[in-house]
Amino acid sequence: MNTVKVAILCSGGGTNLQAIIDAHARGEVPHAELSLVVGSKDGIYSLERAANANIPAAVVARKAYDNAADFEKALIALLDKYEIEVIVLAGFLTVLSEDFVKRYPERILNVHPSLIPSFCGDGFYGLRVHEAALAKGVKVTGATVHFVNEITDGGRIIAQKAVEVLEGDTPETLQRRVMEQAEWQLLPAALETVCNDIIEQ
């Protein structure tokens with residue numbers, strides 16, 4: 001079977017990475033070859049998850065470079081070395097430039113913990129998204145997987161899944177439920193869709 005080489009970029013614990021690894025092990029992402037995990041710093045648990053799944057891993061830390069251009073040059077060199085065709089941002093907190101994004105048109109996926117266009121854009125990440133949803137009093141939130149372009153959370157939407165907001169929710173409980181009921185299901189499925197589409201082009 002044809003497969004597409006995928007790199008997953010992480011900055012933290014890697015729960016979304018684990019969701020992809022688990023789905024891949026279950027045979028749910030057959031057209032993706034998990035070729036590389038890139039960590040934004042040493043010592044993050046994502047790197048351990050990669051090791052446990054026998055996926056090559058490397059660290060490209062923004063602060064190791066004088067400027068964003070040099071950082072991205074190093075990242076691109078690494079991605080080229082592994083012949084990466086699709087990139088997944090799984091809690092990757094370094095903002096990528098317009099030039100970088102344009103190198104991979106509709107080949108970079110991101111998962112965002114709301115139903116875009118709600119609670120998205122600059123400054124909306126992590127718990128802030130769920131705090132904003134609760135402050136607004138919405139009854140339904142969820143997650144969105146979208147392509148990455150030069151606008152924060154602005155690329156074409158691939159998939160969305162709604163999650164109910166419950167009475168008494170805190171940002172932490174809501175974050176957990178959105179991850180379990182939406183992000184961890186959506187991201188592997190969207191990755192498979194994108195890889196399959198590339199193969200069929």
# chains A, B, ... in the order shown; residues from 1 in each chain; ligands from 1

$ closest_atom_pairs --of "range 127-197 of chain A" --to "range 114-118 of chain A" --cutoff "9 Å" --atoms "only C-alpha atoms" --output "JSON lines"
{"residue": "A:Val129", "atom": "CA", "partner": "A:Ser114", "partner_atom": "CA", "distance": 7.0}
{"residue": "A:His130", "atom": "CA", "partner": "A:Ser114", "partner_atom": "CA", "distance": 7.9}
{"residue": "A:Ala133", "atom": "CA", "partner": "A:Ser114", "partner_atom": "CA", "distance": 8.3}
{"residue": "A:Val140", "atom": "CA", "partner": "A:Leu115", "partner_atom": "CA", "distance": 8.8}
{"residue": "A:Thr141", "atom": "CA", "partner": "A:Ser114", "partner_atom": "CA", "distance": 5.6}
{"residue": "A:Gly142", "atom": "CA", "partner": "A:Ser114", "partner_atom": "CA", "distance": 4.7}
{"residue": "A:Ala143", "atom": "CA", "partner": "A:Ser114", "partner_atom": "CA", "distance": 4.4}
{"residue": "A:Thr144", "atom": "CA", "partner": "A:Leu115", "partner_atom": "CA", "distance": 5.6}
{"residue": "A:Asp153", "atom": "CA", "partner": "A:Ile116", "partner_atom": "CA", "distance": 7.7}
{"residue": "A:Gly154", "atom": "CA", "partner": "A:Pro117", "partner_atom": "CA", "distance": 8.5}
{"residue": "A:Ile157", "atom": "CA", "partner": "A:Ile116", "partner_atom": "CA", "distance": 8.2}
{"residue": "A:Gln160", "atom": "CA", "partner": "A:Leu115", "partner_atom": "CA", "distance": 6.7}
{"residue": "A:Lys161", "atom": "CA", "partner": "A:Leu115", "partner_atom": "CA", "distance": 7.6}
{"residue": "A:Ala162", "atom": "CA", "partner": "A:Leu115", "partner_atom": "CA", "distance": 7.2}
{"residue": "A:Val178", "atom": "CA", "partner": "A:Ser114", "partner_atom": "CA", "distance": 8.3}

$ closest_atom_pairs --of "range 137-195 of chain A" --to "range 21-24 of chain A" --cutoff "9 Å" --atoms "only C-alpha atoms" --output "tab-separated table"
residue	atom	partner	partner_atom	distance
A:Gln185	CA	A:Ala23	CA	8.6
A:Pro188	CA	A:Ala23	CA	6.4
A:Ala189	CA	A:Ala23	CA	8.5

$ residues_around --residues "Arg62 in chain A" --least-positions-apart "5" --cutoff "8 Å" --atoms "only C-alpha atoms" --output "ChimeraX atom specification"
/A:40,67-68,71,94

$ residues_around --residues "Val29 in chain A" --least-positions-apart "4" --cutoff "12 Å" --atoms "only C-alpha atoms" --output "list in words"
Met1, Asn2, Thr3, Val4, Lys5, Val6, Ala19, Ile20, Ile21, Asp22, Ala23, His24, Ala25, Glu33, Leu34, Gln185, Leu186, Leu187, Pro188, Ala189, Ala190, Leu191, Glu192, Thr193, Val194, Cys195 and Asn196 of chain A

$ closest_residue --among "A:Tyr82, A:Thr152, A:Asp169, A:Gly126" --to "Val101 in chain A" --atoms "only C-alpha atoms"
A:Thr152

$ closest_residue --among "A:Ala69, A:Ala32, A:Leu89, A:Leu78" --to "Gly14 in chain A" --atoms "only C-alpha atoms"
A:Leu89

$ residues_around --residues "Ile8 in chain A" --least-positions-apart "4" --cutoff "10 Å" --atoms "only C-alpha atoms" --output "VMD selection string"
chain A and resid 14 16 to 17 20 34 to 39 46 50 57 84 86 to 92 108 to 109

$ closest_residue --among "A:Ile198, A:Asn54, A:Ala61, A:Ser97" --to "Ser11 in chain A" --atoms "only C-alpha atoms"
A:Ala61

$ decode --residues "range 6-111 of chain A" --atoms "C-alpha atoms" --output "compact mmCIF listing (two decimals), in the first residue's frame"
# COMPACT_ATOMS: atom_id res chain seq x y z
CA VAL A 6 4.30 12.25 8.14
CA ALA A 7 6.11 14.38 10.74
CA ILE A 8 4.41 15.31 14.01
CA LEU A 9 5.63 18.50 15.71
CA CYS A 10 5.14 18.74 19.49
CA SER A 11 5.96 21.07 22.37
CA GLY A 12 4.67 19.17 25.37
CA GLY A 13 3.22 15.92 26.64
CA GLY A 14 2.03 14.73 23.26
CA THR A 15 -1.49 13.46 23.98
CA ASN A 16 -2.53 14.18 20.39
CA LEU A 17 0.64 12.45 19.18
CA GLN A 18 -0.36 9.43 21.27
CA ALA A 19 -3.84 9.47 19.73
CA ILE A 20 -2.26 9.26 16.28
CA ILE A 21 0.15 6.50 17.37
CA ASP A 22 -2.71 4.48 18.89
CA ALA A 23 -4.97 4.93 15.86
CA HIS A 24 -2.08 3.92 13.59
CA ALA A 25 -1.48 0.79 15.68
CA ARG A 26 -5.18 -0.09 15.32
CA GLY A 27 -4.87 0.18 11.54
CA GLU A 28 -7.05 3.31 11.32
CA VAL A 29 -4.43 5.45 9.57
CA PRO A 30 -3.12 3.02 6.96
CA HIS A 31 -1.96 5.64 4.43
CA ALA A 32 0.24 7.54 6.90
CA GLU A 33 3.79 6.51 7.64
CA LEU A 34 4.75 8.02 10.99
CA SER A 35 8.29 8.96 9.96
CA LEU A 36 9.40 11.63 12.43
CA VAL A 37 8.52 13.40 15.68
CA VAL A 38 10.03 16.86 16.18
CA GLY A 39 10.14 18.31 19.68
CA SER A 40 10.51 22.02 20.35
CA LYS A 41 12.70 21.36 23.39
CA ASP A 42 14.55 18.59 25.18
CA GLY A 43 12.91 16.54 27.89
CA ILE A 44 9.30 16.75 26.73
CA TYR A 45 7.24 13.58 27.07
CA SER A 46 6.39 13.60 23.36
CA LEU A 47 9.94 12.41 22.67
CA GLU A 48 9.44 9.47 25.00
CA ARG A 49 6.17 8.59 23.26
CA ALA A 50 8.04 8.59 19.95
CA ALA A 51 10.76 6.32 21.37
CA ASN A 52 8.14 3.92 22.76
CA ALA A 53 6.55 3.70 19.31
CA ASN A 54 9.92 3.35 17.53
CA ILE A 55 9.44 6.60 15.61
CA PRO A 56 12.61 8.62 14.89
CA ALA A 57 12.65 11.83 16.92
CA ALA A 58 14.68 15.03 16.97
CA VAL A 59 14.68 18.37 18.77
CA VAL A 60 14.72 21.69 16.92
CA ALA A 61 14.52 24.40 19.57
CA ARG A 62 13.69 27.94 18.51
CA LYS A 63 15.91 29.40 21.23
CA ALA A 64 18.94 27.55 19.87
CA TYR A 65 18.89 29.87 16.84
CA ASP A 66 19.52 33.60 16.57
CA ASN A 67 16.40 34.21 14.52
CA ALA A 68 13.27 32.57 13.17
CA ALA A 69 14.72 32.20 9.67
CA ASP A 70 17.66 30.09 10.90
CA PHE A 71 15.32 28.01 13.06
CA GLU A 72 13.03 27.30 10.11
CA LYS A 73 15.99 26.52 7.86
CA ALA A 74 17.09 23.84 10.35
CA LEU A 75 13.55 22.49 10.61
CA ILE A 76 13.15 22.33 6.84
CA ALA A 77 16.51 20.55 6.48
CA LEU A 78 15.33 17.92 8.97
CA LEU A 79 11.97 17.49 7.25
CA ASP A 80 13.72 17.17 3.87
CA LYS A 81 16.12 14.57 5.25
CA TYR A 82 13.15 12.38 6.19
CA GLU A 83 11.32 13.23 2.92
CA ILE A 84 8.32 14.48 4.89
CA GLU A 85 5.17 15.12 2.86
CA VAL A 86 2.66 16.00 5.59
CA ILE A 87 3.20 17.85 8.89
CA VAL A 88 0.93 17.60 11.92
CA LEU A 89 1.11 20.33 14.57
CA ALA A 90 0.19 18.50 17.78
CA GLY A 91 0.48 21.15 20.46
CA PHE A 92 3.43 22.81 18.72
CA LEU A 93 3.76 26.26 20.29
CA THR A 94 6.29 27.84 17.92
CA VAL A 95 4.60 30.05 15.32
CA LEU A 96 5.69 29.19 11.79
CA SER A 97 6.25 31.96 9.26
CA GLU A 98 4.26 32.60 6.11
CA ASP A 99 7.27 31.52 4.04
CA PHE A 100 7.45 28.20 5.89
CA VAL A 101 3.72 27.53 5.57
CA LYS A 102 3.79 28.31 1.84
CA ARG A 103 6.38 25.57 1.31
CA TYR A 104 3.75 23.03 2.35
CA PRO A 105 0.42 24.24 0.89
CA GLU A 106 -2.44 22.24 2.43
CA ARG A 107 0.10 19.80 3.83
CA ILE A 108 0.23 21.13 7.43
CA LEU A 109 -2.56 20.07 9.80
CA ASN A 110 -3.44 21.61 13.14
CA VAL A 111 -6.04 20.67 15.73
